[in-house]
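query.cif (mmCIF, C-alpha atoms) appears below.
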data_target
loop_
_atom_site.label_atom_id
_atom_site.label_comp_id
_atom_site.auth_asym_id
_atom_site.auth_seq_id
_atom_site.Cartn_x
_atom_site.Cartn_y
_atom_site.Cartn_z
CA VAL A 1 -7.37 -0.85 15.29
CA GLN A 2 -4.20 0.89 14.12
CA LEU A 3 -2.27 0.72 10.88
CA GLN A 4 1.40 1.71 10.98
CA ALA A 5 3.05 2.25 7.60
CA SER A 6 6.79 2.37 7.18
CA GLY A 7 9.52 1.98 4.59
CA GLY A 8 9.18 5.18 2.62
CA GLY A 9 12.10 7.36 1.71
CA LEU A 10 14.08 9.02 -1.04
CA VAL A 11 15.27 6.86 -3.92
CA GLN A 12 16.66 7.47 -7.37
CA ALA A 13 14.71 6.55 -10.45
CA GLY A 14 15.12 2.87 -11.20
CA GLY A 15 15.51 2.00 -7.55
CA SER A 16 13.35 -0.04 -5.21
CA LEU A 17 11.58 0.36 -1.91
CA ARG A 18 9.56 -1.99 0.23
CA LEU A 19 6.72 -0.55 2.25
CA ALA A 20 5.24 -2.32 5.23
CA CYS A 21 1.97 -1.81 7.06
CA ALA A 22 1.57 -3.41 10.45
CA VAL A 23 -2.00 -3.85 11.62
CA SER A 24 -2.88 -4.01 15.28
CA GLY A 25 -6.21 -5.27 16.45
CA ASN A 26 -7.87 -8.55 15.70
CA ILE A 27 -8.93 -7.83 12.12
CA PHE A 28 -6.03 -8.72 9.88
CA SER A 29 -7.07 -12.25 8.96
CA SER A 30 -10.47 -11.11 7.70
CA ALA A 31 -9.62 -7.66 6.42
CA VAL A 32 -9.25 -6.70 2.78
CA MET A 33 -5.95 -4.88 2.54
CA ALA A 34 -4.87 -2.30 0.01
CA TRP A 35 -2.30 0.37 -0.71
CA TYR A 36 -3.23 3.82 -1.98
CA ARG A 37 -1.15 6.87 -2.80
CA GLN A 38 -1.72 10.58 -3.05
CA ALA A 39 0.57 12.87 -4.98
CA PRO A 40 0.57 16.64 -4.38
CA GLY A 41 -2.47 18.25 -5.95
CA LYS A 42 -4.00 14.92 -6.93
CA GLN A 43 -6.68 12.66 -5.57
CA ARG A 44 -5.85 9.57 -3.61
CA GLU A 45 -5.67 6.58 -5.92
CA LEU A 46 -5.62 2.83 -5.53
CA VAL A 47 -2.19 1.31 -6.13
CA ALA A 48 -2.62 -2.36 -5.21
CA ALA A 49 -5.12 -4.46 -3.34
CA PHE A 50 -6.12 -7.92 -2.34
CA THR A 51 -9.53 -8.47 -3.88
CA GLY A 52 -10.52 -11.65 -2.11
CA GLY A 53 -9.87 -15.29 -2.84
CA GLY A 54 -6.15 -14.60 -2.90
CA TYR A 55 -6.41 -12.43 -5.99
CA THR A 56 -4.70 -9.07 -6.38
CA ASP A 57 -5.35 -5.97 -8.41
CA TYR A 58 -3.01 -3.21 -9.49
CA ALA A 59 -3.24 0.22 -11.01
CA ASP A 60 -2.19 0.10 -14.64
CA SER A 61 0.67 2.49 -13.93
CA VAL A 62 2.34 0.05 -11.52
CA LYS A 63 1.59 -3.33 -13.07
CA GLY A 64 4.75 -5.36 -13.49
CA ARG A 65 6.66 -3.12 -11.11
CA PHE A 66 4.84 -3.30 -7.77
CA THR A 67 3.82 -6.38 -5.79
CA ILE A 68 1.47 -6.53 -2.83
CA SER A 69 1.93 -9.33 -0.33
CA ARG A 70 0.95 -10.16 3.20
CA ASP A 71 2.31 -12.04 6.18
CA ASN A 72 -0.64 -13.20 8.22
CA ALA A 73 1.59 -14.38 11.07
CA LYS A 74 2.94 -10.84 11.45
CA ASN A 75 -0.31 -9.00 10.65
CA THR A 76 1.60 -7.07 8.03
CA VAL A 77 1.00 -6.18 4.40
CA PHE A 78 3.85 -5.21 2.11
CA LEU A 79 4.27 -3.29 -1.11
CA GLN A 80 7.42 -4.10 -3.04
CA MET A 81 8.12 -1.29 -5.48
CA ASN A 82 10.68 -1.81 -8.22
CA SER A 83 11.79 0.28 -11.19
CA LEU A 84 10.54 3.41 -9.49
CA VAL A 85 9.94 6.52 -11.56
CA PRO A 86 9.46 10.15 -10.47
CA GLU A 87 5.72 9.80 -11.11
CA ASP A 88 5.57 7.34 -8.21
CA THR A 89 6.36 10.17 -5.80
CA ALA A 90 3.50 10.38 -3.32
CA VAL A 91 2.40 9.66 0.21
CA TYR A 92 1.50 5.99 0.37
CA TYR A 93 -1.30 4.82 2.63
CA CYS A 94 -2.41 1.37 3.64
CA LYS A 95 -6.06 0.63 4.10
CA ALA A 96 -7.90 -2.17 5.84
CA ARG A 97 -11.56 -2.87 5.26
CA GLN A 98 -13.52 -5.27 7.38
CA TYR A 99 -17.26 -5.51 6.82
CA SER A 100 -18.50 -1.90 6.85
CA TYR A 101 -15.46 -0.51 8.62
CA THR A 102 -12.50 1.15 6.92
CA TYR A 103 -9.21 1.96 8.59
CA TRP A 104 -6.32 4.03 7.23
CA GLY A 105 -2.68 4.21 8.16
CA GLN A 106 -0.88 7.51 8.62
CA GLY A 107 0.97 7.41 5.31
CA THR A 108 4.62 7.16 4.40
CA GLN A 109 6.35 9.49 1.95
CA VAL A 110 8.00 8.06 -1.15
CA THR A 111 10.10 10.44 -3.21
CA VAL A 112 11.71 9.33 -6.46
CA SER A 113 14.37 11.61 -7.88
CA SER A 114 15.19 11.73 -11.58
#
Can you dump the structure from the file as structure tokens?
Amino acid sequence: VQLQASGGGLVQAGGSLRLACAVSGNIFSSAVMAWYRQAPGKQRELVAAFTGGGYTDYADSVKGRFTISRDNAKNTVFLQMNSLVPEDTAVYYCKARQYSYTYWGQGTQVTVSS
């Protein structure tokens, strides 16, 4: 199983980015997918996740600005990030959890300039 994250980059405050995480291996349809981020000197934190039953959950700091979605036909999960602020600067990781197994992507850097 491999998770390949992409879509990060440098953007000005107020801008948007769309991250993608492609999942290889036959787990996507049953995996619980999530996005995390880790800023320098801080712990990794949950940004957005599918919680089961089609429901989603978001960190308070990104509610109304970020949207998690998935394309089951392409085994890909997305994170649409709008109205970005410098505090969103971090390495963003996708995570897949299936039963007792957890898989992480390699991370993609998002930098928001003021």
Can you pull out every residue within 12 Å of Thr102 in chain A, counting only C-alpha atoms, but drop anything in the same chain fewer than 3 positions away, and send it as a CSV table (one decimal) with C-alpha atoms, keeping the file's coordinate frame?
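Writing the result to out.csv gives the following:
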chain,number,residue,atom,x,y,z
A,1,VAL,CA,-7.4,-0.8,15.3
A,2,GLN,CA,-4.2,0.9,14.1
A,3,LEU,CA,-2.3,0.7,10.9
A,27,ILE,CA,-8.9,-7.8,12.1
A,31,ALA,CA,-9.6,-7.7,6.4
A,32,VAL,CA,-9.2,-6.7,2.8
A,33,MET,CA,-6.0,-4.9,2.5
A,34,ALA,CA,-4.9,-2.3,0.0
A,94,CYS,CA,-2.4,1.4,3.6
A,95,LYS,CA,-6.1,0.6,4.1
A,96,ALA,CA,-7.9,-2.2,5.8
A,97,ARG,CA,-11.6,-2.9,5.3
A,98,GLN,CA,-13.5,-5.3,7.4
A,99,TYR,CA,-17.3,-5.5,6.8
A,105,GLY,CA,-2.7,4.2,8.2
(message) Evaluated on this file, the PyMOL selection byres ((chain A and resi 50-64) around 9) picks out some residues - which ones are they, written as a PyMOL selection string?
(response) chain A and resi 32-34+45-49+65-69+81-82+88
(request) Have a look at A:Gly7, A:Asn72, A:Leu84, A:Phe78 and name the one nearest to Ser30 in chain A; count all atoms listed in the file. (result)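 Under the stated criterion, the closest residue is A:Asn72.
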(request) Write out as an MDAnalysis selection string the residues lying within 7 Å of Asn75 in chain A, counting all atoms listed in the file and excluding same-chain residues fewer than 5 positions away. (result) chainID A and resid 22:23 28
(request) Please indicate the distance in Å from CA of Gly14 in chain A to CA of Asp71 in chain A, rounded to one decimal place. (result)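 Pair CA of Gly14 in chain A / CA of Asp71 in chain A returns 26.2 Å.
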(request) Please write the residues picked by the PyMOL selection byres ((chain A and resi 86) around 12) on this file as a ChimeraX atom specification. (result) /A:10-15,39,83-85,87-90,110-114
(message) Just the number, please: distance in Å from CA of Gly9 in chain A to CA of Ala73 in chain A, one decimal.
(response) 25.9 Å
(message) Here's the selection I'm unsure about, the PyMOL selection byres ((chain A and resi 91) around 7); applied to the file above, which residues does it give, as a PyMOL selection string?
(response) chain A and resi 37-39+90+92-93+107-110
Quick one: 6 Å padding each side, axis-aligned, all listed atoms of range 54-71 of chain A - centre and edge lengths in Å to one decimal, as AutoDock Vina command-line options?
--center_x 0.1 --center_y -6.1 --center_z -4.2 --size_x 25.1 --size_y 29.1 --size_z 32.8
(request) Could you jot down the CA of Tyr103 in chain A to CA of Gly25 in chain A separation for me, Å, one decimal place? (result)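 That distance, rounded to one decimal, is 11.1 Å.
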(message) Nearest residue to Ser6 in chain A out of A:Ser24, A:Gln106, A:Leu19, A:Gly41, using all atoms listed in the file?
(response)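 So, comparing all the options, the nearest one is A:Leu19.
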